[in-house]
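*Asks:* Below is query_1.cif; it holds mmCIF, C-alpha atoms.
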```cif
data_final
#
loop_
_atom_site.label_atom_id
_atom_site.label_comp_id
_atom_site.auth_asym_id
_atom_site.auth_seq_id
_atom_site.Cartn_x
_atom_site.Cartn_y
_atom_site.Cartn_z
CA MET U 1 -5.55 -63.34 -42.89
CA GLN U 2 -5.65 -63.41 -46.67
CA VAL U 3 -3.44 -63.07 -49.74
CA THR U 4 -3.67 -59.46 -50.97
CA ARG U 5 -1.16 -59.49 -53.83
CA LEU U 6 0.75 -61.92 -56.05
CA ARG U 7 3.74 -60.95 -58.19
CA VAL U 8 6.05 -62.72 -60.61
CA TYR U 9 9.34 -61.51 -62.07
CA PRO U 10 9.84 -63.23 -65.44
CA VAL U 11 13.36 -61.77 -65.72
CA LYS U 12 15.40 -61.53 -62.54
CA SER U 13 15.80 -57.85 -61.48
CA PHE U 14 13.28 -56.56 -64.06
CA ALA U 15 10.09 -54.89 -62.89
CA GLY U 16 7.56 -57.40 -61.59
CA VAL U 17 4.05 -58.22 -62.79
CA ASP U 18 0.91 -58.40 -60.62
CA VAL U 19 -1.19 -61.49 -61.25
CA SER U 20 -4.55 -62.55 -59.83
CA SER U 21 -3.52 -66.19 -59.48
CA ALA U 22 -0.43 -68.32 -60.01
CA ARG U 23 0.47 -71.98 -60.36
CA VAL U 24 2.86 -73.22 -57.70
CA LEU U 25 5.69 -75.43 -58.94
CA PRO U 26 8.41 -77.08 -56.85
CA TRP U 27 10.87 -74.31 -57.75
CA GLY U 28 8.49 -71.32 -57.36
CA LEU U 29 5.59 -69.63 -59.09
CA ALA U 30 5.09 -70.36 -62.79
CA ASP U 31 6.94 -67.81 -64.98
CA ASP U 32 9.01 -66.48 -62.07
CA ARG U 33 12.72 -65.82 -62.58
CA ARG U 34 13.50 -68.35 -65.29
CA TRP U 35 15.41 -65.61 -67.18
CA ALA U 36 18.32 -63.45 -66.01
CA VAL U 37 20.88 -60.93 -67.22
CA VAL U 38 24.59 -61.77 -67.12
CA ASP U 39 27.74 -59.99 -68.25
CA SER U 40 30.13 -61.18 -70.94
CA ASP U 41 31.80 -63.50 -68.40
CA GLY U 42 28.52 -64.99 -67.23
CA ARG U 43 28.40 -63.15 -63.93
CA PRO U 44 24.90 -62.11 -62.78
CA VAL U 45 23.93 -58.50 -63.44
CA THR U 46 21.19 -57.27 -61.10
CA ALA U 47 19.45 -54.03 -60.23
CA ARG U 48 21.76 -53.70 -57.23
CA GLU U 49 24.37 -52.22 -59.56
CA ALA U 50 22.28 -51.63 -62.70
CA ASN U 51 19.24 -49.69 -61.46
CA VAL U 52 17.87 -49.32 -64.99
CA LEU U 53 16.82 -52.98 -64.96
CA LEU U 54 13.91 -51.94 -62.71
CA SER U 55 12.52 -49.86 -65.59
CA LEU U 56 12.40 -52.84 -67.95
CA THR U 57 9.36 -55.10 -68.18
CA ALA U 58 8.87 -58.64 -69.46
CA ALA U 59 5.49 -60.07 -70.42
CA VAL U 60 5.30 -63.85 -70.77
CA ARG U 61 3.80 -65.01 -74.07
CA PRO U 62 1.62 -68.15 -74.27
CA ASP U 63 4.52 -70.13 -75.75
CA GLY U 64 6.80 -69.22 -72.84
CA GLY U 65 8.75 -66.54 -74.70
CA LEU U 66 8.87 -62.91 -73.63
CA LEU U 67 7.96 -59.46 -74.82
CA LEU U 68 10.49 -56.99 -73.43
CA ALA U 69 9.74 -53.29 -73.07
CA ASP U 70 11.40 -50.19 -71.62
CA ARG U 71 9.09 -48.01 -69.53
CA HIS U 72 11.44 -45.03 -69.89
CA GLY U 73 12.24 -45.41 -73.59
CA GLY U 74 10.44 -45.07 -76.89
CA ALA U 75 11.71 -48.23 -78.57
CA ALA U 76 9.23 -50.86 -79.71
CA PRO U 77 8.86 -53.98 -77.52
CA LEU U 78 11.22 -56.82 -78.36
CA ARG U 79 10.03 -60.39 -78.89
CA VAL U 80 12.21 -63.07 -77.27
CA ASP U 81 11.79 -66.75 -78.06
CA VAL U 82 12.66 -69.55 -75.66
CA PRO U 83 16.20 -70.59 -76.75
CA THR U 84 15.64 -74.34 -76.62
CA GLY U 85 18.14 -75.05 -79.39
CA ALA U 86 20.97 -72.84 -78.10
CA ALA U 87 24.26 -74.16 -76.76
CA PRO U 88 24.61 -73.70 -72.97
CA VAL U 89 26.86 -70.97 -71.62
CA SER U 90 28.48 -70.75 -68.20
CA VAL U 91 26.76 -68.52 -65.67
CA GLY U 92 27.80 -67.45 -62.20
CA HIS U 93 24.49 -68.05 -60.46
CA SER U 94 25.33 -70.26 -57.49
CA ARG U 95 24.43 -73.94 -57.96
CA GLN U 96 23.27 -73.28 -61.54
CA GLY U 97 26.37 -73.77 -63.72
CA THR U 98 24.97 -73.11 -67.20
CA ALA U 99 21.99 -71.52 -68.92
CA LEU U 100 20.85 -70.97 -72.51
CA PRO U 101 21.54 -67.64 -74.26
CA ALA U 102 18.59 -65.77 -75.80
CA GLY U 103 20.54 -64.48 -78.80
CA SER U 104 22.51 -61.54 -80.16
CA ASP U 105 19.49 -59.34 -80.99
CA VAL U 106 18.28 -59.54 -77.41
CA ASP U 107 21.77 -58.94 -76.08
CA ALA U 108 22.10 -55.80 -78.22
CA TRP U 109 18.73 -54.48 -76.98
CA LEU U 110 19.74 -54.98 -73.35
CA SER U 111 23.31 -53.76 -73.77
CA LEU U 112 22.07 -50.49 -75.25
CA ARG U 113 19.92 -49.83 -72.19
CA LEU U 114 22.56 -50.79 -69.66
CA ASP U 115 25.40 -49.11 -71.57
CA ARG U 116 27.53 -52.23 -71.12
CA SER U 117 27.88 -55.63 -72.74
CA VAL U 118 25.30 -58.03 -71.28
CA ARG U 119 23.25 -61.00 -72.41
CA LEU U 120 19.93 -62.59 -71.50
CA VAL U 121 19.91 -66.24 -70.46
CA TRP U 122 17.18 -68.79 -69.72
CA GLN U 123 17.12 -71.58 -67.16
CA PRO U 124 16.03 -74.68 -69.10
CA ASP U 125 15.49 -77.03 -66.15
CA PRO U 126 14.91 -75.57 -62.66
CA ARG U 127 14.91 -79.12 -61.28
CA ALA U 128 18.69 -78.98 -61.60
CA ARG U 129 19.23 -76.13 -59.14
CA PRO U 130 18.97 -77.01 -55.43
CA VAL U 131 18.10 -74.59 -52.65
CA ASN U 132 21.22 -73.79 -50.65
CA PRO U 133 21.24 -76.03 -47.55
CA LEU U 134 22.80 -73.15 -45.61
CA HIS U 135 19.46 -71.35 -46.06
CA GLY U 136 17.38 -74.26 -44.85
CA GLY U 137 17.06 -76.18 -48.09
CA ARG U 138 16.48 -79.92 -48.06
CA PRO U 139 18.18 -82.24 -50.58
CA ASP U 140 15.13 -82.35 -52.85
CA ASP U 141 14.28 -78.61 -52.72
CA ARG U 142 14.68 -76.81 -56.04
CA VAL U 143 14.68 -73.14 -57.05
CA SER U 144 14.53 -70.99 -60.19
CA LEU U 145 17.13 -68.24 -60.67
CA ALA U 146 15.88 -66.50 -57.52
CA ASP U 147 18.61 -65.63 -55.02
CA VAL U 148 17.69 -68.03 -52.24
CA ALA U 149 14.25 -69.66 -52.19
CA PRO U 150 11.33 -70.44 -54.50
CA LEU U 151 9.08 -67.70 -53.04
CA LEU U 152 9.27 -64.62 -50.83
CA LEU U 153 6.33 -63.63 -48.62
CA THR U 154 5.84 -60.21 -47.03
CA SER U 155 3.16 -58.80 -44.74
CA GLU U 156 1.29 -55.51 -44.93
CA SER U 157 1.13 -55.29 -41.14
CA SER U 158 4.93 -55.58 -40.99
CA LEU U 159 5.30 -52.83 -43.58
CA THR U 160 2.92 -50.63 -41.59
CA GLN U 161 5.16 -51.08 -38.54
CA LEU U 162 8.27 -50.34 -40.60
CA ASP U 163 6.65 -47.12 -41.90
CA ALA U 164 5.80 -46.12 -38.32
CA TRP U 165 9.41 -46.64 -37.30
CA THR U 166 10.62 -44.65 -40.30
CA GLY U 167 8.55 -41.63 -39.24
CA ASP U 168 6.61 -38.83 -40.87
CA ASP U 169 9.67 -37.34 -42.54
CA GLU U 170 9.70 -40.20 -45.06
CA PRO U 171 6.86 -41.20 -47.44
CA PRO U 172 5.33 -44.66 -46.96
CA LEU U 173 7.39 -47.38 -48.55
CA ASP U 174 6.08 -49.25 -51.58
CA MET U 175 5.98 -53.00 -50.98
CA VAL U 176 7.37 -53.41 -54.51
CA ARG U 177 10.79 -52.43 -53.13
CA PHE U 178 10.94 -55.78 -51.33
CA ARG U 179 10.12 -57.77 -54.49
CA PRO U 180 7.74 -60.26 -52.87
CA ASN U 181 5.93 -63.07 -54.66
CA VAL U 182 3.17 -63.17 -52.06
CA VAL U 183 1.80 -60.32 -49.94
CA VAL U 184 -0.55 -61.06 -47.05
CA ASP U 185 -2.44 -58.57 -44.93
CA GLY U 186 -1.18 -60.00 -41.63
CA ASP U 187 -2.39 -59.28 -38.12
CA PRO U 188 -2.19 -55.53 -37.34
CA SER U 189 -1.60 -56.36 -33.69
CA GLU U 190 1.32 -58.68 -34.45
CA PRO U 191 3.67 -57.33 -37.14
CA PHE U 192 6.49 -59.65 -38.16
CA ALA U 193 4.61 -62.69 -36.90
CA GLU U 194 5.69 -64.42 -40.11
CA ASP U 195 9.25 -64.62 -38.75
CA ALA U 196 8.19 -67.44 -36.44
CA TRP U 197 5.91 -69.42 -38.76
CA PRO U 198 7.27 -72.93 -39.42
CA PHE U 199 4.61 -73.46 -42.11
CA VAL U 200 1.96 -71.39 -43.86
CA GLN U 201 -0.98 -72.48 -45.99
CA LEU U 202 -2.11 -70.14 -48.78
CA GLY U 203 -5.52 -71.31 -49.92
CA LYS U 204 -5.00 -75.05 -50.30
CA VAL U 205 -1.23 -74.92 -50.87
CA ARG U 206 1.16 -75.58 -48.00
CA PHE U 207 4.65 -74.05 -47.71
CA ARG U 208 7.62 -74.43 -45.38
CA VAL U 209 9.09 -71.21 -44.04
CA ILE U 210 12.87 -71.67 -44.22
CA GLY U 211 14.11 -68.30 -42.97
CA VAL U 212 13.80 -64.54 -42.69
CA CYS U 213 15.04 -62.70 -45.78
CA ASP U 214 18.12 -60.53 -45.44
CA ARG U 215 17.78 -57.28 -47.38
CA CYS U 216 20.28 -55.55 -49.64
CA VAL U 217 20.79 -52.11 -51.13
CA MET U 218 18.29 -52.92 -53.88
CA THR U 219 15.46 -52.05 -51.46
CA THR U 220 16.75 -48.46 -51.27
CA ILE U 221 16.03 -47.84 -54.99
CA ASP U 222 12.69 -46.22 -55.77
CA PRO U 223 11.26 -48.65 -58.36
CA ARG U 224 9.69 -45.84 -60.42
CA SER U 225 12.14 -42.93 -60.26
CA LEU U 226 15.20 -45.22 -59.83
CA VAL U 227 16.53 -42.74 -57.26
CA ARG U 228 18.53 -44.36 -54.48
CA GLY U 229 17.95 -43.33 -50.85
CA LYS U 230 18.69 -44.56 -47.32
CA GLU U 231 15.41 -46.27 -46.52
CA PRO U 232 14.42 -48.90 -45.61
CA ILE U 233 17.90 -50.17 -44.73
CA ARG U 234 18.56 -47.32 -42.29
CA THR U 235 15.47 -48.09 -40.22
CA LEU U 236 15.73 -51.87 -40.57
CA ALA U 237 19.26 -51.59 -39.17
CA LYS U 238 17.82 -50.05 -36.00
CA TYR U 239 15.01 -52.54 -35.41
CA ARG U 240 15.48 -55.59 -37.62
CA LYS U 241 19.17 -56.46 -37.72
CA TRP U 242 20.74 -59.69 -36.55
CA ASP U 243 23.72 -61.74 -37.65
CA GLY U 244 24.96 -58.55 -39.27
CA LYS U 245 22.05 -58.35 -41.76
CA THR U 246 18.78 -56.44 -41.95
CA ARG U 247 15.62 -58.55 -42.35
CA PHE U 248 12.17 -58.23 -43.92
CA GLY U 249 9.94 -60.99 -45.34
CA VAL U 250 10.31 -64.76 -45.23
CA TRP U 251 11.43 -67.42 -47.69
CA LEU U 252 9.00 -70.17 -48.65
CA VAL U 253 9.45 -73.64 -50.14
CA PRO U 254 6.33 -75.36 -51.54
CA ASP U 255 5.29 -78.52 -49.74
CA LEU U 256 3.50 -79.97 -52.74
CA ALA U 257 3.25 -83.43 -51.23
CA ALA U 258 0.71 -81.91 -48.81
CA SER U 259 -1.06 -79.82 -51.48
CA PRO U 260 -3.49 -80.47 -54.36
CA ALA U 261 -2.10 -81.89 -57.60
CA GLN U 262 -2.98 -78.64 -59.40
CA ALA U 263 -1.45 -76.26 -56.84
CA LEU U 264 -2.84 -72.76 -57.36
CA ILE U 265 -2.88 -69.66 -55.18
CA THR U 266 -5.16 -66.70 -55.79
CA VAL U 267 -5.50 -63.18 -54.45
CA GLY U 268 -8.10 -63.42 -51.69
CA ASP U 269 -7.06 -66.91 -50.58
CA SER U 270 -7.05 -67.52 -46.85
CA VAL U 271 -3.71 -67.56 -45.01
CA VAL U 272 -3.27 -70.02 -42.14
CA ALA U 273 0.00 -70.13 -40.21
CA ALA U 274 1.01 -73.29 -38.38
#
```
What would the structure in this file look like if it were written as structure tokens?

*Replies:*
Amino acid sequence: MQVTRLRVYPVKSFAGVDVSSARVLPWGLADDRRWAVVDSDGRPVTAREANVLLSLTAAVRPDGGLLLADRHGGAAPLRVDVPTGAAPVSVGHSRQGTALPAGSDVDAWLSLRLDRSVRLVWQPDPRARPVNPLHGGRPDDRVSLADVAPLLLTSESSLTQLDAWTGDDEPPLDMVRFRPNVVVDGDPSEPFAEDAWPFVQLGKVRFRVIGVCDRCVMTTIDPRSLVRGKEPIRTLAKYRKWDGKTRFGVWLVPDLAASPAQALITVGDSVVAA
């Protein structure tokens, strides 16, 4: 098996970015989900309820700031600086507490596109946010502003099986719907084998598999047209539902103590399950 795709999401719920390689940090891939959108009360705003977020892109600048753009609009890209000098604001991301606001100009740009009052915030120190122990996190596990775990891995062989279950009446599903960080080709004869992996090594970097990802309505939104449908939740509910939730992909936590000091994964790296 090998790594076939790597993706990062600089702003949570924005469109993702394909990369050829990525540094692995204790809390996830470098540049992944350190920024997020919240409402005026600090509650997270995601593409689950604001589909338009999937049409927005964020490119990471060399200094760590962003360049925001709207794929469906004609406005010029917006430069966002890292708000290191801003006063913290309360946010509703579980186990996070506070984050730093990006500023009123950025908030106005986002609010115009979402047609509601929102703001962009930045996580200054991901070492402060633990992985939820209810999802298999250990006391020293840390995570960015991702929902559950530092990384999400999906398998092409599992998606092929899901498409077969869905049938010819539906077009093949785009893996982008599942918002993975790592895509592997998998074993065509054993779809969903990743469910049972206790560990996986990507290139020279070792990861713990802490659970099978439960999927939400966000997967039913076409990432390009933003049209909402019934798949893949309808089919996952028939074949991949337990504990009341549909499942696809697995959560990973880096085991950097067993990996090189400069942990790096690259498209084409070997994948070894253990």

*Asks:* From the set U:Thr57, U:Ser13, U:Gln161, U:Ser144, which residue has the shortest atom-to-atom contact distance to His93 (chain U), counting only C-alpha atoms?

*Replies:*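 Going through U:Thr57, U:Ser13, U:Gln161, U:Ser144 one by one, the smallest distance to His93 (chain U) is for U:Ser144.
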
*Asks:* Quick one: of U:Glu190, U:Asp269, U:Asp18, U:Glu49, who's nearest to Arg116 (chain U), counting all atoms listed in the file?

*Replies:*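 Under the stated criterion, the closest residue is U:Glu49.
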
*Asks:* Using all atoms listed in the file, pick whichever of U:Asp222, U:Glu170, U:Glu156, U:Asp125 has the shortest atom-to-atom distance to Ala193 (chain U).

*Replies:*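 Closest to Ala193 (chain U) of all the choices is U:Glu156.
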
*Asks:* How many Å separate CA of Thr266 (chain U) from CA of Arg7 (chain U)?

*Replies:*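 Distance between the two atoms: 10.9 Å.
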
*Asks:* Nearest to Val183 (chain U) among U:Asp115, U:Leu153, U:Arg129, U:Gln201, with distances taken over only C-alpha atoms: which residue is it?

*Replies:*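 The shortest atom-to-atom distance to Val183 (chain U) comes from U:Leu153.
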
*Asks:* On this file, the PyMOL selection byres ((chain U and resi 243-246) around 9) gives some set of residues; write that set as a PyMOL selection string.

*Replies:* chain U and resi 213-216+233+236-242+247-248

*Asks:* With all atoms listed in the file as the basis for distance, which of U:Phe178, U:Trp251, U:Phe14, U:Trp197 is at the shortest distance from Arg71 (chain U)?

*Replies:*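 Residue with the minimum atom-to-atom distance to Arg71 (chain U): U:Phe14.
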
*Asks:* From the set U:Ala76, U:Val182, U:Ala261, U:Ala108, which residue has the shortest atom-to-atom contact distance to Val19 (chain U), counting all atoms listed in the file?

*Replies:*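 Under the stated criterion, the closest residue is U:Val182.
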
*Asks:* Decode the PyMOL selection byres ((chain U and resi 188) around 12) for the given file into explicit residues and return them as a list in words.

*Replies:*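 Applying the expression gives Met1, Ser155, Glu156, Ser157, Ser158, Leu159, Thr160, Gln161, Val184, Asp185, Gly186, Asp187, Ser189, Glu190, Pro191, Phe192 and Ala193 of chain U.
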
*Asks:* Could you check how far CA of Val217 (chain U) sits from CA of Gly74 (chain U), in Å to one decimal?

*Replies:*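 Going from CA of Val217 (chain U) over to CA of Gly74 (chain U), I get 28.6 Å.
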
*Asks:* If the PyMOL selection byres ((chain U and resi 22) around 8) is run on the structure shown, which residues does it catch, given as JSON, numbers by chain?

*Replies:* {"U": [6, 19, 20, 21, 23, 24, 29, 30, 264, 265, 266]}

*Asks:* Grab the CA of Arg208 (chain U) to CA of Met175 (chain U) distance for me, in Å with one decimal place.

*Replies:*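 Pair CA of Arg208 (chain U) / CA of Met175 (chain U) returns 22.2 Å.
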
*Asks:* Leaving out Leu110 (chain U) and any residue of its chain fewer than 5 positions from it, which residues lie within 8 Å of it when counting all atoms listed in the file, given as a short mmCIF file (atom, residue, chain, number, x, y, z; two decimals) with C-alpha atoms, keeping the file's coordinate frame?

*Replies:*
```cif
data_model
loop_
_atom_site.label_atom_id
_atom_site.label_comp_id
_atom_site.auth_asym_id
_atom_site.auth_seq_id
_atom_site.Cartn_x
_atom_site.Cartn_y
_atom_site.Cartn_z
CA VAL U 118 25.30 -58.03 -71.28
CA ARG U 119 23.25 -61.00 -72.41
CA LEU U 120 19.93 -62.59 -71.50
#
```

*Asks:* What's the 10 Å shell around region 135-137 of chain U, counting all atoms listed in the file, without same-chain residues fewer than 5 positions away, as a PyMOL selection string?

*Replies:* chain U and resi 130+142-143+148-149+208-213+251+253

*Asks:* Can I get the selection written as a short mmCIF file (atom, residue, chain, number, x, y, z; two decimals), in the coordinates of the input, with C-alpha atoms?

*Replies:*
```
data_model
loop_
_atom_site.label_atom_id
_atom_site.label_comp_id
_atom_site.auth_asym_id
_atom_site.auth_seq_id
_atom_site.Cartn_x
_atom_site.Cartn_y
_atom_site.Cartn_z
CA PRO U 130 18.97 -77.01 -55.43
CA ARG U 142 14.68 -76.81 -56.04
CA VAL U 143 14.68 -73.14 -57.05
CA VAL U 148 17.69 -68.03 -52.24
CA ALA U 149 14.25 -69.66 -52.19
CA ARG U 208 7.62 -74.43 -45.38
CA VAL U 209 9.09 -71.21 -44.04
CA ILE U 210 12.87 -71.67 -44.22
CA GLY U 211 14.11 -68.30 -42.97
CA VAL U 212 13.80 -64.54 -42.69
CA CYS U 213 15.04 -62.70 -45.78
CA TRP U 251 11.43 -67.42 -47.69
CA VAL U 253 9.45 -73.64 -50.14
#
```

*Asks:* Generate the missing atoms of region 123-144 of chain U up to N, CA and C atoms and report them as an mmCIF file, keeping the file's coordinate frame.

*Replies:*
```cif
data_model
loop_
_atom_site.group_PDB
_atom_site.id
_atom_site.type_symbol
_atom_site.label_atom_id
_atom_site.label_comp_id
_atom_site.auth_asym_id
_atom_site.auth_seq_id
_atom_site.Cartn_x
_atom_site.Cartn_y
_atom_site.Cartn_z
ATOM 1 N N GLN U 123 16.898 -70.353 -67.916
ATOM 2 C CA GLN U 123 17.120 -71.580 -67.160
ATOM 3 C C GLN U 123 16.258 -72.696 -67.759
ATOM 4 N N PRO U 124 16.846 -73.676 -68.422
ATOM 5 C CA PRO U 124 16.030 -74.680 -69.100
ATOM 6 C C PRO U 124 15.373 -75.687 -68.161
ATOM 7 N N ASP U 125 16.024 -75.993 -67.045
ATOM 8 C CA ASP U 125 15.490 -77.030 -66.150
ATOM 9 C C ASP U 125 15.720 -76.624 -64.694
ATOM 10 N N PRO U 126 14.728 -75.991 -64.060
ATOM 11 C CA PRO U 126 14.910 -75.570 -62.660
ATOM 12 C C PRO U 126 15.023 -76.733 -61.689
ATOM 13 N N ARG U 127 14.737 -77.948 -62.154
ATOM 14 C CA ARG U 127 14.910 -79.120 -61.280
ATOM 15 C C ARG U 127 16.383 -79.384 -61.003
ATOM 16 N N ALA U 128 17.262 -78.740 -61.765
ATOM 17 C CA ALA U 128 18.690 -78.980 -61.600
ATOM 18 C C ALA U 128 19.335 -78.096 -60.542
ATOM 19 N N ARG U 129 18.613 -77.082 -60.072
ATOM 20 C CA ARG U 129 19.230 -76.130 -59.140
ATOM 21 C C ARG U 129 18.670 -76.307 -57.727
ATOM 22 N N PRO U 130 19.468 -76.801 -56.783
ATOM 23 C CA PRO U 130 18.970 -77.010 -55.430
ATOM 24 C C PRO U 130 18.945 -75.705 -54.628
ATOM 25 N N VAL U 131 18.073 -75.668 -53.634
ATOM 26 C CA VAL U 131 18.100 -74.590 -52.650
ATOM 27 C C VAL U 131 19.325 -74.787 -51.768
ATOM 28 N N ASN U 132 20.011 -73.712 -51.469
ATOM 29 C CA ASN U 132 21.220 -73.790 -50.650
ATOM 30 C C ASN U 132 20.884 -74.376 -49.278
ATOM 31 N N PRO U 133 21.519 -75.470 -48.871
ATOM 32 C CA PRO U 133 21.240 -76.030 -47.550
ATOM 33 C C PRO U 133 21.569 -75.084 -46.409
ATOM 34 N N LEU U 134 22.471 -74.130 -46.647
ATOM 35 C CA LEU U 134 22.800 -73.150 -45.610
ATOM 36 C C LEU U 134 21.630 -72.213 -45.329
ATOM 37 N N HIS U 135 20.663 -72.155 -46.257
ATOM 38 C CA HIS U 135 19.460 -71.350 -46.060
ATOM 39 C C HIS U 135 18.250 -72.212 -45.716
ATOM 40 N N GLY U 136 18.478 -73.413 -45.285
ATOM 41 C CA GLY U 136 17.380 -74.260 -44.850
ATOM 42 C C GLY U 136 16.855 -75.211 -45.902
ATOM 43 N N GLY U 137 17.518 -75.298 -47.033
ATOM 44 C CA GLY U 137 17.060 -76.180 -48.090
ATOM 45 C C GLY U 137 17.289 -77.644 -47.768
ATOM 46 N N ARG U 138 16.340 -78.485 -48.177
ATOM 47 C CA ARG U 138 16.480 -79.920 -48.060
ATOM 48 C C ARG U 138 17.050 -80.471 -49.362
ATOM 49 N N PRO U 139 17.542 -81.702 -49.371
ATOM 50 C CA PRO U 139 18.180 -82.240 -50.580
ATOM 51 C C PRO U 139 17.320 -82.212 -51.831
ATOM 52 N N ASP U 140 15.985 -82.333 -51.671
ATOM 53 C CA ASP U 140 15.130 -82.350 -52.850
ATOM 54 C C ASP U 140 14.482 -81.006 -53.161
ATOM 55 N N ASP U 141 14.819 -79.940 -52.442
ATOM 56 C CA ASP U 141 14.280 -78.610 -52.720
ATOM 57 C C ASP U 141 14.956 -78.025 -53.954
ATOM 58 N N ARG U 142 14.162 -77.400 -54.819
ATOM 59 C CA ARG U 142 14.680 -76.810 -56.040
ATOM 60 C C ARG U 142 14.236 -75.358 -56.147
ATOM 61 N N VAL U 143 14.972 -74.572 -56.955
ATOM 62 C CA VAL U 143 14.680 -73.140 -57.050
ATOM 63 C C VAL U 143 15.002 -72.657 -58.463
ATOM 64 N N SER U 144 14.276 -71.644 -58.901
ATOM 65 C CA SER U 144 14.530 -70.990 -60.190
ATOM 66 C C SER U 144 15.837 -70.202 -60.091
#
```
